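Chemist: This is the content of upload28.pdb (PDB, C-alpha atoms and all ligand atoms):
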ATOM      1  CA  MET D 773     -11.930  -8.275  25.681  1.00  0.00           C
ATOM      2  CA  THR D 774     -10.771  -8.996  22.148  1.00  0.00           C
ATOM      3  CA  ARG D 775     -12.444  -6.586  19.735  1.00  0.00           C
ATOM      4  CA  ILE D 776     -14.120  -7.822  16.550  1.00  0.00           C
ATOM      5  CA  ALA D 777     -13.788  -5.733  13.373  1.00  0.00           C
ATOM      6  CA  SER D 778     -16.135  -6.549  10.497  1.00  0.00           C
ATOM      7  CA  HIS D 779     -13.755  -6.583   7.526  1.00  0.00           C
ATOM      8  CA  ARG D 780     -15.058  -4.494   4.588  1.00  0.00           C
ATOM      9  CA  GLY D 781     -18.504  -4.820   6.157  1.00  0.00           C
ATOM     10  CA  GLY D 782     -18.266  -8.624   6.306  1.00  0.00           C
ATOM     11  CA  THR D 783     -17.198  -9.603   2.791  1.00  0.00           C
ATOM     12  CA  LEU D 784     -18.011 -13.317   2.986  1.00  0.00           C
ATOM     13  CA  GLU D 785     -21.465 -12.627   4.414  1.00  0.00           C
ATOM     14  CA  PHE D 786     -22.560  -9.552   2.446  1.00  0.00           C
ATOM     15  CA  GLY D 787     -20.211  -8.937  -0.507  1.00  0.00           C
ATOM     16  CA  ASP D 788     -17.040  -6.829  -0.573  1.00  0.00           C
ATOM     17  CA  SER D 789     -17.514  -3.305   0.831  1.00  0.00           C
ATOM     18  CA  SER D 790     -21.245  -3.386   0.111  1.00  0.00           C
ATOM     19  CA  PRO D 791     -23.885  -1.013   1.539  1.00  0.00           C
ATOM     20  CA  GLN D 792     -25.875  -3.963   2.890  1.00  0.00           C
ATOM     21  CA  GLY D 793     -22.777  -5.276   4.684  1.00  0.00           C
ATOM     22  CA  PHE D 794     -22.033  -1.905   6.227  1.00  0.00           C
ATOM     23  CA  ALA D 795     -25.681  -1.423   7.235  1.00  0.00           C
ATOM     24  CA  ALA D 796     -25.786  -4.909   8.805  1.00  0.00           C
ATOM     25  CA  THR D 797     -22.480  -4.391  10.629  1.00  0.00           C
ATOM     26  CA  ALA D 798     -23.786  -1.138  12.157  1.00  0.00           C
ATOM     27  CA  ARG D 799     -26.421  -3.220  13.977  1.00  0.00           C
ATOM     28  CA  MET D 800     -24.112  -6.046  15.110  1.00  0.00           C
ATOM     29  CA  ALA D 801     -22.805  -6.748  18.616  1.00  0.00           C
ATOM     30  CA  LEU D 802     -19.211  -5.989  17.698  1.00  0.00           C
ATOM     31  CA  GLU D 803     -16.795  -3.112  18.144  1.00  0.00           C
ATOM     32  CA  GLU D 804     -15.441  -1.955  14.767  1.00  0.00           C
ATOM     33  CA  VAL D 805     -16.175  -1.800  11.068  1.00  0.00           C
ATOM     34  CA  GLU D 806     -13.129  -1.993   8.799  1.00  0.00           C
ATOM     35  CA  PHE D 807     -13.128  -0.251   5.432  1.00  0.00           C
ATOM     36  CA  ASP D 808     -10.733   1.124   2.814  1.00  0.00           C
ATOM     37  CA  VAL D 809     -10.785   4.489   1.055  1.00  0.00           C
ATOM     38  CA  HIS D 810      -9.789   5.802  -2.379  1.00  0.00           C
ATOM     39  CA  PRO D 811     -10.158   9.236  -4.049  1.00  0.00           C
ATOM     40  CA  THR D 812     -12.063   9.857  -7.281  1.00  0.00           C
ATOM     41  CA  VAL D 813     -10.757  12.129 -10.021  1.00  0.00           C
ATOM     42  CA  ASP D 814     -13.308  14.796  -9.021  1.00  0.00           C
ATOM     43  CA  GLY D 815     -12.448  14.889  -5.330  1.00  0.00           C
ATOM     44  CA  ALA D 816     -14.866  12.434  -3.721  1.00  0.00           C
ATOM     45  CA  ILE D 817     -13.741   9.773  -1.232  1.00  0.00           C
ATOM     46  CA  ILE D 818     -15.024   6.271  -1.987  1.00  0.00           C
ATOM     47  CA  VAL D 819     -15.260   3.289   0.364  1.00  0.00           C
ATOM     48  CA  HIS D 820     -13.919   0.313  -1.589  1.00  0.00           C
ATOM     49  CA  HIS D 821     -11.188  -2.260  -1.094  1.00  0.00           C
ATOM     50  CA  ASP D 822      -9.416  -2.478  -4.430  1.00  0.00           C
ATOM     51  CA  ALA D 823      -7.942   0.544  -6.204  1.00  0.00           C
ATOM     52  CA  THR D 824      -9.883  -0.505  -9.289  1.00  0.00           C
ATOM     53  CA  LEU D 825     -13.482  -1.595  -9.870  1.00  0.00           C
ATOM     54  CA  ASP D 826     -12.422  -4.618 -11.915  1.00  0.00           C
ATOM     55  CA  ARG D 827     -12.479  -7.519  -9.469  1.00  0.00           C
ATOM     56  CA  THR D 828     -15.480  -6.706  -7.271  1.00  0.00           C
ATOM     57  CA  THR D 829     -17.997  -4.854  -9.480  1.00  0.00           C
ATOM     58  CA  ASP D 830     -19.566  -4.917 -12.952  1.00  0.00           C
ATOM     59  CA  ARG D 831     -17.406  -1.962 -14.080  1.00  0.00           C
ATOM     60  CA  THR D 832     -13.690  -1.505 -14.668  1.00  0.00           C
ATOM     61  CA  GLY D 833     -11.021   1.119 -14.181  1.00  0.00           C
ATOM     62  CA  PRO D 834      -9.013   2.734 -11.386  1.00  0.00           C
ATOM     63  CA  ILE D 835     -11.235   4.685  -8.969  1.00  0.00           C
ATOM     64  CA  ALA D 836      -8.729   7.550  -8.974  1.00  0.00           C
ATOM     65  CA  ARG D 837      -9.263   8.087 -12.707  1.00  0.00           C
ATOM     66  CA  LEU D 838     -13.082   7.908 -12.573  1.00  0.00           C
ATOM     67  CA  THR D 839     -15.658  10.436 -11.413  1.00  0.00           C
ATOM     68  CA  ARG D 840     -17.785   9.930  -8.328  1.00  0.00           C
ATOM     69  CA  ALA D 841     -20.816   9.341 -10.583  1.00  0.00           C
ATOM     70  CA  GLU D 842     -18.951   6.711 -12.621  1.00  0.00           C
ATOM     71  CA  VAL D 843     -17.798   4.853  -9.505  1.00  0.00           C
ATOM     72  CA  GLN D 844     -21.228   4.983  -7.882  1.00  0.00           C
ATOM     73  CA  ALA D 845     -22.808   3.583 -11.064  1.00  0.00           C
ATOM     74  CA  ALA D 846     -20.906   0.324 -10.479  1.00  0.00           C
ATOM     75  CA  THR D 847     -22.831  -2.574  -8.968  1.00  0.00           C
ATOM     76  CA  ILE D 848     -20.927  -4.606  -6.370  1.00  0.00           C
ATOM     77  CA  ASN D 849     -20.716  -8.349  -7.045  1.00  0.00           C
ATOM     78  CA  TYR D 850     -22.764 -10.426  -4.567  1.00  0.00           C
ATOM     79  CA  GLY D 851     -23.656  -7.147  -2.843  1.00  0.00           C
ATOM     80  CA  ALA D 852     -27.463  -7.283  -3.217  1.00  0.00           C
ATOM     81  CA  GLY D 853     -27.323  -4.755  -6.043  1.00  0.00           C
ATOM     82  CA  GLY D 854     -25.535  -2.113  -3.961  1.00  0.00           C
ATOM     83  CA  HIS D 855     -23.129   0.523  -5.264  1.00  0.00           C
ATOM     84  CA  PRO D 856     -19.874   1.783  -3.705  1.00  0.00           C
ATOM     85  CA  LEU D 857     -20.506   4.241  -0.864  1.00  0.00           C
ATOM     86  CA  LEU D 858     -19.020   7.665  -0.356  1.00  0.00           C
ATOM     87  CA  LEU D 859     -17.141   8.057   2.928  1.00  0.00           C
ATOM     88  CA  SER D 860     -19.775  10.648   3.897  1.00  0.00           C
ATOM     89  CA  GLU D 861     -22.525   8.064   3.320  1.00  0.00           C
ATOM     90  CA  LEU D 862     -20.708   5.546   5.515  1.00  0.00           C
ATOM     91  CA  CYS D 863     -20.436   8.211   8.238  1.00  0.00           C
ATOM     92  CA  ALA D 864     -24.194   8.756   8.051  1.00  0.00           C
ATOM     93  CA  LEU D 865     -24.808   4.995   8.399  1.00  0.00           C
ATOM     94  CA  TYR D 866     -22.766   4.892  11.624  1.00  0.00           C
ATOM     95  CA  ALA D 867     -23.825   8.179  13.207  1.00  0.00           C
ATOM     96  CA  GLY D 868     -26.285   6.351  15.456  1.00  0.00           C
ATOM     97  CA  SER D 869     -24.337   3.094  15.810  1.00  0.00           C
ATOM     98  CA  PRO D 870     -21.999   2.200  18.695  1.00  0.00           C
ATOM     99  CA  VAL D 871     -19.693   0.454  16.181  1.00  0.00           C
ATOM    100  CA  ASP D 872     -16.475   2.435  15.637  1.00  0.00           C
ATOM    101  CA  PHE D 873     -14.457   3.027  12.460  1.00  0.00           C
ATOM    102  CA  ARG D 874     -11.260   1.248  11.433  1.00  0.00           C
ATOM    103  CA  CYS D 875     -10.225   3.153   8.318  1.00  0.00           C
ATOM    104  CA  GLU D 876      -7.486   1.778   6.069  1.00  0.00           C
ATOM    105  CA  ILE D 877      -5.544   4.195   3.872  1.00  0.00           C
ATOM    106  CA  LYS D 878      -4.975   2.386   0.596  1.00  0.00           C
ATOM    107  CA  PRO D 879      -2.405   3.100  -2.130  1.00  0.00           C
ATOM    108  CA  ASP D 880      -3.257   3.543  -5.819  1.00  0.00           C
ATOM    109  CA  ASP D 881      -3.361   0.740  -8.371  1.00  0.00           C
ATOM    110  CA  ALA D 882       0.442   0.881  -8.651  1.00  0.00           C
ATOM    111  CA  GLY D 883       0.916   0.595  -4.876  1.00  0.00           C
ATOM    112  CA  ARG D 884       1.842   4.276  -4.352  1.00  0.00           C
ATOM    113  CA  PRO D 885       0.189   6.511  -1.747  1.00  0.00           C
ATOM    114  CA  TYR D 886      -2.310   8.976  -3.253  1.00  0.00           C
ATOM    115  CA  PRO D 887      -0.805  12.498  -3.055  1.00  0.00           C
ATOM    116  CA  ASP D 888      -2.255  14.660  -0.249  1.00  0.00           C
ATOM    117  CA  PHE D 889      -5.014  12.136   0.401  1.00  0.00           C
ATOM    118  CA  VAL D 890      -4.661  11.499   4.142  1.00  0.00           C
ATOM    119  CA  PRO D 891      -5.517  15.064   5.293  1.00  0.00           C
ATOM    120  CA  ARG D 892      -8.661  14.965   3.143  1.00  0.00           C
ATOM    121  CA  VAL D 893      -9.802  11.689   4.718  1.00  0.00           C
ATOM    122  CA  VAL D 894      -9.160  13.090   8.195  1.00  0.00           C
ATOM    123  CA  ALA D 895     -11.075  16.295   7.351  1.00  0.00           C
ATOM    124  CA  GLU D 896     -14.034  14.384   5.913  1.00  0.00           C
ATOM    125  CA  LEU D 897     -14.300  12.157   8.996  1.00  0.00           C
ATOM    126  CA  ALA D 898     -14.087  15.230  11.243  1.00  0.00           C
ATOM    127  CA  GLN D 899     -16.739  17.062   9.220  1.00  0.00           C
ATOM    128  CA  HIS D 900     -19.140  14.152   9.667  1.00  0.00           C
ATOM    129  CA  GLY D 901     -18.426  13.659  13.358  1.00  0.00           C
ATOM    130  CA  MET D 902     -16.637  10.317  13.050  1.00  0.00           C
ATOM    131  CA  LEU D 903     -12.970  11.262  13.461  1.00  0.00           C
ATOM    132  CA  GLU D 904     -13.033  10.784  17.239  1.00  0.00           C
ATOM    133  CA  ARG D 905     -14.387   7.256  16.672  1.00  0.00           C
ATOM    134  CA  THR D 906     -11.773   6.267  14.078  1.00  0.00           C
ATOM    135  CA  THR D 907      -8.621   4.159  14.269  1.00  0.00           C
ATOM    136  CA  PHE D 908      -6.487   4.325  11.118  1.00  0.00           C
ATOM    137  CA  THR D 909      -4.533   1.517   9.512  1.00  0.00           C
ATOM    138  CA  SER D 910      -2.139   1.067   6.600  1.00  0.00           C
ATOM    139  CA  PHE D 911       0.395  -1.365   5.216  1.00  0.00           C
ATOM    140  CA  LEU D 912       2.482   1.638   4.136  1.00  0.00           C
ATOM    141  CA  LEU D 913       4.806   3.410   6.577  1.00  0.00           C
ATOM    142  CA  GLU D 914       4.611   6.471   4.333  1.00  0.00           C
ATOM    143  CA  SER D 915       0.845   6.644   4.851  1.00  0.00           C
ATOM    144  CA  LEU D 916       1.258   6.116   8.602  1.00  0.00           C
ATOM    145  CA  ASP D 917       3.734   9.013   8.688  1.00  0.00           C
ATOM    146  CA  ALA D 918       1.171  11.151   6.841  1.00  0.00           C
ATOM    147  CA  LEU D 919      -1.472  10.114   9.365  1.00  0.00           C
ATOM    148  CA  SER D 920       0.654  11.075  12.353  1.00  0.00           C
ATOM    149  CA  GLU D 921       1.116  14.519  10.798  1.00  0.00           C
ATOM    150  CA  ALA D 922      -2.605  14.925  10.085  1.00  0.00           C
ATOM    151  CA  THR D 923      -4.216  13.548  13.248  1.00  0.00           C
ATOM    152  CA  THR D 924      -3.625  12.419  16.812  1.00  0.00           C
ATOM    153  CA  ARG D 925      -6.061   9.539  16.362  1.00  0.00           C
ATOM    154  CA  PRO D 926      -4.624   6.008  16.901  1.00  0.00           C
ATOM    155  CA  CYS D 927      -2.927   4.339  13.959  1.00  0.00           C
ATOM    156  CA  LEU D 928      -1.762   0.794  13.433  1.00  0.00           C
ATOM    157  CA  TRP D 929       0.649  -0.781  11.009  1.00  0.00           C
ATOM    158  CA  LEU D 930      -0.568  -3.771   9.018  1.00  0.00           C
ATOM    159  CA  VAL D 931       2.472  -6.041   8.741  1.00  0.00           C
ATOM    160  CA  SER D 932       2.195  -8.513   5.865  1.00  0.00           C
ATOM    161  CA  PRO D 933       3.512 -12.075   6.164  1.00  0.00           C
ATOM    162  CA  ALA D 934       6.267 -11.219   3.645  1.00  0.00           C
ATOM    163  CA  VAL D 935       7.403  -8.131   5.578  1.00  0.00           C
ATOM    164  CA  LEU D 936       7.304 -10.004   8.896  1.00  0.00           C
ATOM    165  CA  ARG D 937       9.328 -12.865   7.410  1.00  0.00           C
ATOM    166  CA  GLN D 938      11.865 -10.586   5.763  1.00  0.00           C
ATOM    167  CA  LEU D 939      12.400  -8.127   8.612  1.00  0.00           C
ATOM    168  CA  GLY D 940      11.830 -10.365  11.620  1.00  0.00           C
ATOM    169  CA  THR D 941      10.197  -9.427  14.903  1.00  0.00           C
ATOM    170  CA  ARG D 942      12.973  -7.169  16.218  1.00  0.00           C
ATOM    171  CA  ALA D 943      13.170  -5.034  13.088  1.00  0.00           C
ATOM    172  CA  VAL D 944       9.382  -4.714  12.913  1.00  0.00           C
ATOM    173  CA  ILE D 945       9.322  -3.505  16.521  1.00  0.00           C
ATOM    174  CA  GLY D 946      12.186  -1.114  15.791  1.00  0.00           C
ATOM    175  CA  LEU D 947      10.415   0.372  12.786  1.00  0.00           C
ATOM    176  CA  ALA D 948       7.166   0.729  14.702  1.00  0.00           C
ATOM    177  CA  ARG D 949       9.003   2.634  17.428  1.00  0.00           C
ATOM    178  CA  ARG D 950      10.886   4.844  14.967  1.00  0.00           C
ATOM    179  CA  HIS D 951       7.611   5.804  13.272  1.00  0.00           C
ATOM    180  CA  ASN D 952       5.760   6.262  16.605  1.00  0.00           C
ATOM    181  CA  ILE D 953       3.282   3.519  15.727  1.00  0.00           C
ATOM    182  CA  PRO D 954       1.540   2.269  18.891  1.00  0.00           C
ATOM    183  CA  GLU D 955       0.040  -0.908  17.441  1.00  0.00           C
ATOM    184  CA  ILE D 956       0.684  -3.516  14.772  1.00  0.00           C
ATOM    185  CA  GLY D 957      -1.579  -6.064  13.118  1.00  0.00           C
ATOM    186  CA  VAL D 958      -0.355  -9.287  11.523  1.00  0.00           C
ATOM    187  CA  HIS D 959      -2.089 -11.966   9.466  1.00  0.00           C
ATOM    188  CA  ILE D 960      -3.747 -14.395  11.869  1.00  0.00           C
ATOM    189  CA  ASP D 961      -1.767 -17.288  10.386  1.00  0.00           C
ATOM    190  CA  THR D 962       1.538 -15.590  11.297  1.00  0.00           C
ATOM    191  CA  ALA D 963       0.418 -14.772  14.856  1.00  0.00           C
ATOM    192  CA  ASP D 964       1.531 -16.796  17.855  1.00  0.00           C
ATOM    193  CA  ALA D 965       2.048 -16.286  21.562  1.00  0.00           C
ATOM    194  CA  ALA D 966       5.803 -15.658  21.211  1.00  0.00           C
ATOM    195  CA  LEU D 967       5.335 -12.909  18.619  1.00  0.00           C
ATOM    196  CA  MET D 968       2.511 -11.339  20.609  1.00  0.00           C
ATOM    197  CA  SER D 969       4.512 -11.288  23.839  1.00  0.00           C
ATOM    198  CA  ALA D 970       7.590  -9.826  22.098  1.00  0.00           C
ATOM    199  CA  VAL D 971       5.476  -7.043  20.581  1.00  0.00           C
ATOM    200  CA  THR D 972       3.488  -6.238  23.706  1.00  0.00           C
ATOM    201  CA  ALA D 973       6.656  -6.364  25.866  1.00  0.00           C
ATOM    202  CA  ALA D 974       7.963  -3.555  23.646  1.00  0.00           C
ATOM    203  CA  GLY D 975       4.906  -1.508  24.574  1.00  0.00           C
ATOM    204  CA  ILE D 976       3.205  -2.015  21.225  1.00  0.00           C
ATOM    205  CA  ALA D 977      -0.361  -3.292  21.022  1.00  0.00           C
ATOM    206  CA  PHE D 978      -0.963  -6.455  18.997  1.00  0.00           C
ATOM    207  CA  GLY D 979      -3.837  -7.423  16.755  1.00  0.00           C
ATOM    208  CA  CYS D 980      -4.573  -9.649  13.771  1.00  0.00           C
ATOM    209  CA  TRP D 981      -6.321  -9.527  10.434  1.00  0.00           C
ATOM    210  CA  ALA D 982      -7.925 -12.008   8.050  1.00  0.00           C
ATOM    211  CA  ALA D 983      -9.411 -14.340  10.672  1.00  0.00           C
ATOM    212  CA  HIS D 984     -12.171 -15.696   8.481  1.00  0.00           C
ATOM    213  CA  ASP D 985     -12.844 -19.294   9.507  1.00  0.00           C
ATOM    214  CA  ALA D 986     -13.770 -20.769  12.876  1.00  0.00           C
ATOM    215  CA  ALA D 987     -10.258 -22.045  13.603  1.00  0.00           C
ATOM    216  CA  GLN D 988      -8.671 -18.664  12.830  1.00  0.00           C
ATOM    217  CA  ILE D 989     -11.283 -16.757  14.848  1.00  0.00           C
ATOM    218  CA  THR D 990     -10.934 -19.132  17.806  1.00  0.00           C
ATOM    219  CA  LYS D 991      -7.143 -18.700  17.629  1.00  0.00           C
ATOM    220  CA  ALA D 992      -7.515 -14.906  17.856  1.00  0.00           C
ATOM    221  CA  PHE D 993      -9.731 -15.184  20.945  1.00  0.00           C
ATOM    222  CA  ASP D 994      -7.452 -17.807  22.549  1.00  0.00           C
ATOM    223  CA  LEU D 995      -4.357 -15.638  22.021  1.00  0.00           C
ATOM    224  CA  GLY D 996      -6.280 -12.679  23.453  1.00  0.00           C
ATOM    225  CA  VAL D 997      -5.218 -10.249  20.732  1.00  0.00           C
ATOM    226  CA  LYS D 998      -6.469  -6.678  21.069  1.00  0.00           C
ATOM    227  CA  VAL D 999      -8.556  -6.784  17.897  1.00  0.00           C
ATOM    228  CA  PHE D1000      -8.985  -8.823  14.738  1.00  0.00           C
ATOM    229  CA  THR D1001     -10.677  -8.293  11.400  1.00  0.00           C
ATOM    230  CA  THR D1002     -12.933 -10.931   9.892  1.00  0.00           C
ATOM    231  CA  ASP D1003     -14.973 -11.375   6.721  1.00  0.00           C
ATOM    232  CA  ARG D1004     -17.460 -13.373   8.814  1.00  0.00           C
ATOM    233  CA  PRO D1005     -18.553 -11.061  11.636  1.00  0.00           C
ATOM    234  CA  SER D1006     -21.659 -13.092  12.491  1.00  0.00           C
ATOM    235  CA  LEU D1007     -19.503 -16.183  12.950  1.00  0.00           C
ATOM    236  CA  ALA D1008     -17.033 -14.257  15.127  1.00  0.00           C
ATOM    237  CA  ILE D1009     -19.857 -12.980  17.339  1.00  0.00           C
ATOM    238  CA  ALA D1010     -21.315 -16.500  17.669  1.00  0.00           C
ATOM    239  CA  ILE D1011     -17.909 -17.899  18.673  1.00  0.00           C
ATOM    240  CA  ARG D1012     -17.380 -15.118  21.217  1.00  0.00           C
ATOM    241  CA  ASP D1013     -20.863 -15.675  22.622  1.00  0.00           C
ATOM    242  CA  GLY D1014     -20.369 -19.425  22.798  1.00  0.00           C
ATOM    243  CA  THR D1015     -23.417 -20.022  20.586  1.00  0.00           C
ATOM    244  CA  HIS D1016     -21.442 -21.428  17.671  1.00  0.00           C
ATOM    245  CA  LYS D1017     -21.670 -25.223  17.848  1.00  0.00           C
ATOM    246  CA  ASP D1018     -19.858 -26.399  14.744  1.00  0.00           C
ATOM    247  CA  GLN D1019     -16.204 -25.397  15.041  1.00  0.00           C
ATOM    248  CA  ALA D1020     -15.524 -26.888  11.587  1.00  0.00           C
ATOM    249  CA  ALA D1021     -17.913 -24.479   9.823  1.00  0.00           C
TER     250      ALA D1021
HETATM  251 FE    FE D1101      -8.545  -3.108   4.524  1.00  0.00          FE
END
Please render this file's structure as structure tokens.
Ligand code: FE
Modeler:
Amino acid sequence: MTRIASHRGGTLEFGDSSPQGFAATARMALEEVEFDVHPTVDGAIIVHHDATLDRTTDRTGPIARLTRAEVQAATINYGAGGHPLLLSELCALYAGSPVDFRCEIKPDDAGRPYPDFVPRVVAELAQHGMLERTTFTSFLLESLDALSEATTRPCLWLVSPAVLRQLGTRAVIGLARRHNIPEIGVHIDTADAALMSAVTAAGIAFGCWAAHDAAQITKAFDLGVKVFTTDRPSLAIAIRDGTHKDQAA
């Protein structure tokens, strides 16, 4: 069965990385909740997509140069008045949920990995009992290398359309093997049966991200990818259940 991952708690349904989206996703009939993490200047770990607060909240500034209190004072746009969650708060939300974690390790606002961040994320998840229910993801091979040093939990490489185009399928597979990465995820619009069969024939699992409309979600199910992320988890569930009537929605 193709797994559904609610992307940032279902951004198009609940706002980007909002508490209401994460709370709703914890009660949905799907398999994973996707989220991104950043450190604050005073050592907290925040669940938020962007490295800064600028685009998605009423505050500004890079999370890594703000305190936990400053970040949590921000109100998320279209997020029902919610504030960015701590990773520990997200763990508490999912302690009693069957939905598993898909945790993306993000770089800073200049695109560089945060120094010594990965072991802290792993430790925090372990402390709150969620590490054994977490799959990690990153666009950055450097972060994936850090993950494989810090944990034996599964990791997957997010391969952007530009990287896939530049390197080609063979080089992507070669890099995945060299870095001991057991799974890759590509943008749904760059996925097709030929790419999926080349990747899986190499012993690497294959998934997709950014399947947000009905056509993209239906494509992911038709291909039979392992997992996909979507900003519209309720729509994905309805399509999987066969209760979604309007394929143009
Ligand atoms: Fe992400």
Chemist: Selected by the PyMOL selection byres (((chain D and resi 894) around 12) and not hetatm) in the shown coordinates: which residues, as a count of residues only?
Modeler: 35
Chemist: If the PyMOL selection byres (((not hetatm)) within 8 of (chain D and resi 1101)) is run on the structure shown, which residues does it catch, given as JSON, numbers by chain?
Modeler: {"D": [779, 780, 806, 807, 808, 821, 875, 876, 877, 878, 909, 910]}
Chemist: Between atom CA of D:Val813 and atom CA of D:Thr829, what is the distance, to one decimal in Å?
Modeler: 18.5 Å
Chemist: Quick one: distance from atom CA of D:Val805 to atom CA of D:Arg1012 in Å, one decimal?
Modeler: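 Computed distance, atom CA of D:Val805 to atom CA of D:Arg1012, equals 16.8 Å.
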Chemist: From the options D:Ser869, D:Thr1001, D:Ser790, D:Ser1006, which residue's atoms come nearest to D:Ile776, counting all atoms listed in the file?
Modeler: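 Selected residue with least distance to D:Ile776: D:Thr1001.
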Chemist: Report, in Å with one decimal, the straight-line distance from atom CA of D:Ala882 to atom CA of D:Asp814.
Modeler: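 Computed distance, atom CA of D:Ala882 to atom CA of D:Asp814, equals 19.6 Å.
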Chemist: With only C-alpha atoms as the atoms that count, which of D:Thr828, D:Thr1015, D:Ser932, D:Asn849 lies nearest to D:His959?
Modeler: D:Ser932
Chemist: Could you tell me, as a PyMOL selection string, exactly which residues end up selected when the PyMOL selection byres (((chain D and resi 795) around 10) and not hetatm) is applied to this structure?
Modeler: chain D and resi 781+786+790-794+796-800+862+865-866+869
Chemist: With all atoms listed in the file as the basis for distance, which of D:Leu857, D:Ile945, D:Val997, D:Ala963 is at the shortest distance from D:Gly975?
Modeler: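 That would be D:Ile945, the residue with the smallest distance to D:Gly975.
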Chemist: Which residues come within 6 Å of D:Phe1000, counting all atoms listed in the file, excluding same-chain residues fewer than 4 positions away, as an MDAnalysis selection string?
Modeler: chainID D and resid 776:777 979:981
Chemist: Write out N, CA and C atoms for stretch 922-934 of chain D, as a PDB file, in the frame of the given file.
Modeler:
ATOM      1  N   ALA D 922      -1.266  14.362  10.319  1.00  0.00           N
ATOM      2  CA  ALA D 922      -2.605  14.925  10.085  1.00  0.00           C
ATOM      3  C   ALA D 922      -3.543  14.787  11.273  1.00  0.00           C
ATOM      4  N   THR D 923      -3.262  13.808  12.168  1.00  0.00           N
ATOM      5  CA  THR D 923      -4.216  13.548  13.248  1.00  0.00           C
ATOM      6  C   THR D 923      -3.511  12.928  14.446  1.00  0.00           C
ATOM      7  N   THR D 924      -4.130  13.091  15.614  1.00  0.00           N
ATOM      8  CA  THR D 924      -3.625  12.419  16.812  1.00  0.00           C
ATOM      9  C   THR D 924      -4.394  11.122  17.084  1.00  0.00           C
ATOM     10  N   ARG D 925      -5.304  10.778  16.185  1.00  0.00           N
ATOM     11  CA  ARG D 925      -6.061   9.539  16.362  1.00  0.00           C
ATOM     12  C   ARG D 925      -5.120   8.323  16.274  1.00  0.00           C
ATOM     13  N   PRO D 926      -5.489   7.190  16.932  1.00  0.00           N
ATOM     14  CA  PRO D 926      -4.624   6.008  16.901  1.00  0.00           C
ATOM     15  C   PRO D 926      -4.449   5.442  15.489  1.00  0.00           C
ATOM     16  N   CYS D 927      -3.241   4.951  15.251  1.00  0.00           N
ATOM     17  CA  CYS D 927      -2.927   4.339  13.959  1.00  0.00           C
ATOM     18  C   CYS D 927      -2.277   2.984  14.217  1.00  0.00           C
ATOM     19  N   LEU D 928      -2.476   2.058  13.316  1.00  0.00           N
ATOM     20  CA  LEU D 928      -1.762   0.794  13.433  1.00  0.00           C
ATOM     21  C   LEU D 928      -1.207   0.367  12.088  1.00  0.00           C
ATOM     22  N   TRP D 929      -0.090  -0.326  12.185  1.00  0.00           N
ATOM     23  CA  TRP D 929       0.649  -0.781  11.009  1.00  0.00           C
ATOM     24  C   TRP D 929       0.254  -2.217  10.699  1.00  0.00           C
ATOM     25  N   LEU D 930      -0.249  -2.431   9.494  1.00  0.00           N
ATOM     26  CA  LEU D 930      -0.568  -3.771   9.018  1.00  0.00           C
ATOM     27  C   LEU D 930       0.719  -4.387   8.458  1.00  0.00           C
ATOM     28  N   VAL D 931       1.208  -5.414   9.134  1.00  0.00           N
ATOM     29  CA  VAL D 931       2.472  -6.041   8.741  1.00  0.00           C
ATOM     30  C   VAL D 931       2.156  -7.328   7.979  1.00  0.00           C
ATOM     31  N   SER D 932       2.515  -7.347   6.706  1.00  0.00           N
ATOM     32  CA  SER D 932       2.195  -8.513   5.865  1.00  0.00           C
ATOM     33  C   SER D 932       3.087  -9.696   6.239  1.00  0.00           C
ATOM     34  N   PRO D 933       2.654 -10.913   5.903  1.00  0.00           N
ATOM     35  CA  PRO D 933       3.512 -12.075   6.164  1.00  0.00           C
ATOM     36  C   PRO D 933       4.889 -11.924   5.527  1.00  0.00           C
ATOM     37  N   ALA D 934       4.969 -11.367   4.311  1.00  0.00           N
ATOM     38  CA  ALA D 934       6.267 -11.219   3.645  1.00  0.00           C
ATOM     39  C   ALA D 934       7.173 -10.236   4.386  1.00  0.00           C
TER      40      ALA D 934
END
